[in-house]
There are 2 protein chains.
Amino acid sequence: MQKNITLSMGNGGEENNELITNIFYKYFKNDILSKSEDAAVLKVEQNIAYSTDSFTVSPLFFNGADIGKLAVCGTCNDLAMMGAKPKYLTVGVIIEEGFSTRDLEKIVRSMKKELETNEVIIVSGDTKVMPKGTIDKIIINTSGIGEIQYEGISSNNITSEDLILVSRDIGAHGATIFCAREGIELESELKSDCASLYPIVQELINSGVKITALRDATRGGVSAVLNEWAKQSNICIEVDEDKIPVSQEVQGICEMLGFEATALANEGTFCLAIPEDNANKALDILKKFNDNAVILAKVTNSHNKKVILNSSYGTQRFLDTPSGELLPRIC
Amino acid sequence: MQKNITLSMGNGGEENNELITNIFYKYFKNDILSKSEDAAVLKVEQNIAYSTDSFTVSPLFFNGADIGKLAVCGTCNDLAMMGAKPKYLTVGVIIEEGFSTRDLEKIVRSMKKELETNEVIIVSGDTKVMPKGTIDKIIINTSGIGEIQYEGISSNNITSEDLILVSRDIGAHGATIFCAREGIELESELKSDCASLYPIVQELINSGVKITALRDATRGGVSAVLNEWAKQSNICIEVDEDKIPVSQEVQGICEMLGFEATALANEGTFCLAIPEDNANKALDILKKFNDNAVILAKVTNSHNKKVILNSSYGTQRFLDTPSGELLPRIC
C-alpha cells in the first residue's frame with residue numbers, strides 16, 4: 001500500500017479495490033461481509049433496533065479512544081439504549097486525499113477491537129476519497145442493527161414511580177477533547193469515557209431489573225438527556241446537585257471553560273429511569289462497572305417538562321437544555 | 001430558521017433540536033421516526049438486505065438530480081440489486097457551517113420525493129455541523145434495509161447459460177457531473193440517469209423472469225461491474241462493442257475527456273445476468289422503462305475472469321477494470 005491515500009483509491013476501480021482488501025477486509029472480514037455485494041443479506045427473526053451516527057471528532061486520536069473506537073461505540077450504544085444487542089454494522093468512511101494510510105489502519109484496528117467487545121460484525125461498507133482541502137482528514141459513519149432483548153424501553157413512559165440514575169462520573173469525553181484540542185497538558189489521568197455500554201445493559205437485563213428508559217448522554221450531556229425526558233414524559237426531574245458525579249479533573253476543566261459538567265459530552269455514560277423498587281438493584285450492577293454510579297434524581301410533578309437542580313442550601317434553579325456552540329466536532 | 005447553518009445547530013442542544021424539527025422532521029415525518037429515540041424499533045419478518053453509501057457529489061445540484069435524490073436512490077438501488085424492496089432508511093447529514101438553509105431544505109425536499117417513489121421511510125438520523133473550511137458544503141450518508149423479494153441473486157453464480165443485459169444507455173451521470181463541474185454548456189438534453197431502480201426490479205420479479213445477478217453500474221461504470229462479475233463467477237464476458245448503448249452527448253464528452261463510456265459512473269443504470277431463455281422477456285420489461293436497454297454480452301469460458309470487447313471488424317481487446325483518478329466526487 002502507498003503511504004498516503006490517493007484520489008484513485010476512491011474511484012470504484014482497481015485502487016479502490018486494493019484499499020478495501022488491504023485495510024478494511026483485512027480487519028473486518030467475516031462470512032457475511034465476504035458474500036455481501038451491493039448489500040448484505042441477513043436473517044433476522046425478532047424485533048430489531050436500527051440507528052445511525054456520523055463521527056467528525058477532532059483530534060482523531062485522544063486520551064482513552066480514537067474516532068474508530070468512537071464510531072463503533074456510538075452506534076452500538078444507541079442500540080443498547082433501546083435494550084438491543086448490537087449484531088450488524090455498516091461503515092461509511094470518507095477520507096481526505098493525502099491522509100496517512102498508517103493512521104487509517106490504526107483507526108480500523110481500533111474499530112475491530114471494539115467490534116469484538118460488542119460481538120458485532122461489519123456487513124457492508126463504503127469508502128470515498130475527497131480531494132485535499134475539501135474535508136478535514138476523515139469522517140466515519142456507522143449504522144447498526146441490534147436484536148431487541150428487552151421490549152418497551154421508552155422515554156415517553158417515565159413517571160414519578162421512577163428514579164433517575166447515571167452510570168458513572170460525567171463529562172470526561174468533552175473535557176478530554178477540549179484539552180486535546182487546546183494542547184492543555186494535565187498531570188492527571190483525564191481520559192474519555194468512550195466505551196461500549198451493551199455489556200452493562202446485558203447484565204441489567206439478565207438480573208431481571210425493570211427498565212423504563214435508557215439514554216447515553218452524548219452531545220448536550222446529561223442536561224440534554226434529562227430535559228428531553230422531562231418533555232417527552234411530561235414530568236419534572238429533580239436533581240440533587242451534590243450528587244452529580246464529576247471528577248476533580250473535569251471540574252477543573254469546567255471552571256476553565258465556563259461550562260457546566262452536565263452540558264459536556266460523554267461517550268460511555270448513560271442515564272437510566274428505573275422503577276423505584278428496582279433502583280438499588282440497578283445501582284449495584286452499575287457500581288460493578290464504575291464506582292461513581294449514583295441515583296441522581298427523582299421524578300415529580302412540580303414543574304412538568306422541566307429539570308430542577310436542588311442545591312444542598314435548599315435553593316432551586318432550572319437546568320436547561322444546553323444551547324450555543326459548546327464544542328464543535330466533539331464526536 | 002436562520003438563513004445559514006450555524007455550529008450551534010450541531011451541538012445536541014436547543015438549536016440542534018430546532019434544525020431537526022424545522023427541516024428534517026418536516027419532510028421525513030412518520031410514525032416510526034416520531035417514536036425513534038436513540039434507535040428506531042422495527043418489526044422485520046423475512047430475510048433482509050442491508051447496505052450503506054456516502055454521497056460527496058460536487059456540485060450538489062446538477063442536471064437531472066441533486067445530492068439528496070442521489071442519496072436516496074443510491075442506497076435503495078443497492079437494496080434493489082439484491083432483489084429487495086427498500087423499506088427503511090437512516091440518514092446522516094454532515095453540513096459545513098454557513099451552508100444555506102434554503103439549499104439544505106431543497107436537498108431534503110428532493111430526498112422526500114425520492115423516498116415516496118421507493119415507498120421507503122427514514123426511521124433514524126443524525127446531523128453534524130463542521131466548522132467552515134473543514135468540509136466542503138455537505139455530505140450525506142444513507143443506510144437502508146430492504147425485504148428480500150427474490151432469493152438467491154448473486155454475482156458468484158453467473159454461467160455461460162446467462163446473457164448480460166444493460167438497462168439503458170450508459171455514462172450519463174458521469175458525463176453530466178463533468179460538464180457541470182467544468183462549466184461546459186451543452187445545447188443537448190444531457191442529464192444524469194439518477195433514478196430509483198426498484199420499480200423496474202419489481203416488474204421483473206412480478207413477471208416471473210429468472211434472475212441470476214443484478215448490479216447498478218455506479219463508480220467505475222459498466223466495466224467495473226462486468227470485471228467484478230467475471231472474477232467472482234470465474235467466467236469470460238464477451239461484449240459486442242457495437243451494442244454498447246451510448247448517447248451522442250455522452251459520446252461527445254467521452255471524446256473530450258479521453259474516457260470510455262464504459263468507465264463513466266451511472267446512478268440509475270444496471271447490468272443484469274439473466275438465463276438465456278428468459279433474456280428477451282427481461283429485455284421487453286426493461287424497454288418499457290427505457291428504449292435503449294439491450295442484450296450487451298454473452299458469457300463464455302474463452303478467457304476466464306476477463307471481459308472482452310468484440311468489435312464489428314472482428315478484432316478483440318480486453319476491457320479492464322478502470323484505474324486512475326477518473327472523476328472524484330462523482331457520487
# chains A, B, ... in the order shown; residues from 1 in each chain; ligands from 1
call {"tool": "residues_around", "arguments": {"residues": "B:Asn141", "least_positions_apart": "6", "cutoff": "7 Å", "atoms": "only C-alpha atoms", "output": "MDAnalysis selection string"}}
result
chainID B and resid 53:55 71 91:93
call {"tool": "interface_residues", "arguments": {"of": "chain B", "to": "chain A", "cutoff": "6 Å", "atoms": "only C-alpha atoms", "output": "JSON, numbers by chain"}}
result
{"B": [7, 8, 12, 13, 14, 38, 39, 40, 41, 42, 43, 47, 48, 49, 50, 51, 53, 78, 79, 124, 126, 134, 135, 136, 219, 220, 321, 322, 323, 324, 325]}
call {"tool": "closest_residue", "arguments": {"among": "A:Ile122, A:Leu197, A:Val299, A:Ile23", "to": "A:Val108", "atoms": "only C-alpha atoms"}}
result
A:Ile23
call {"tool": "atom_distance", "arguments": {"atom1": "atom CA of A:Asn17", "atom2": "atom CA of A:Ser34"}}
result
13.2 Å
call {"tool": "select_by_dssp", "arguments": {"residues": "stretch 179-258 of chain B", "states": "strand (DSSP E)", "output": "list in words"}}
result
Ala213, Leu214, Arg215, Asp216, Cys236, Ile237, Glu238, Val239 and Asp240 of chain B
call {"tool": "write_last_selection", "arguments": {"atoms": "C-alpha atoms", "output": "PDB file, in the first residue's frame"}}
result
ATOM      1  CA  ALA B 213     -27.388 -11.312 -10.858  1.00  0.00           C
ATOM      2  CA  LEU B 214     -28.098  -7.572 -10.829  1.00  0.00           C
ATOM      3  CA  ARG B 215     -25.707  -4.701 -10.260  1.00  0.00           C
ATOM      4  CA  ASP B 216     -26.052  -0.967 -10.680  1.00  0.00           C
ATOM      5  CA  CYS B 236     -15.370 -14.592 -19.518  1.00  0.00           C
ATOM      6  CA  ILE B 237     -17.814 -11.867 -20.515  1.00  0.00           C
ATOM      7  CA  GLU B 238     -17.768 -11.030 -24.222  1.00  0.00           C
ATOM      8  CA  VAL B 239     -19.294  -7.679 -25.096  1.00  0.00           C
ATOM      9  CA  ASP B 240     -20.353  -6.714 -28.592  1.00  0.00           C
TER      10      ASP B 240
END
call {"tool": "residues_around", "arguments": {"residues": "stretch 161-174 of chain B", "least_positions_apart": "3", "cutoff": "7 Å", "atoms": "only C-alpha atoms", "output": "PyMOL selection string"}}
result
chain B and resi 158+177-178+190-194+245-247+250+261-262+264-267+269-276+279+286+290+292-299+330
call {"tool": "select_by_dssp", "arguments": {"residues": "stretch 89-293 of chain A", "states": "helix (DSSP H, G or I)", "output": "number ranges by chain"}}
result
A: 101-118, 172-182, 198-206, 221-232, 241-243, 248-257, 261-263, 276-289
call {"tool": "atom_distance", "arguments": {"atom1": "atom CA of A:Phe99", "atom2": "atom CA of A:Asn4"}}
result
5.4 Å
call {"tool": "atom_distance", "arguments": {"atom1": "atom CA of A:Gln149", "atom2": "atom CA of A:Ala65"}}
result
27.8 Å
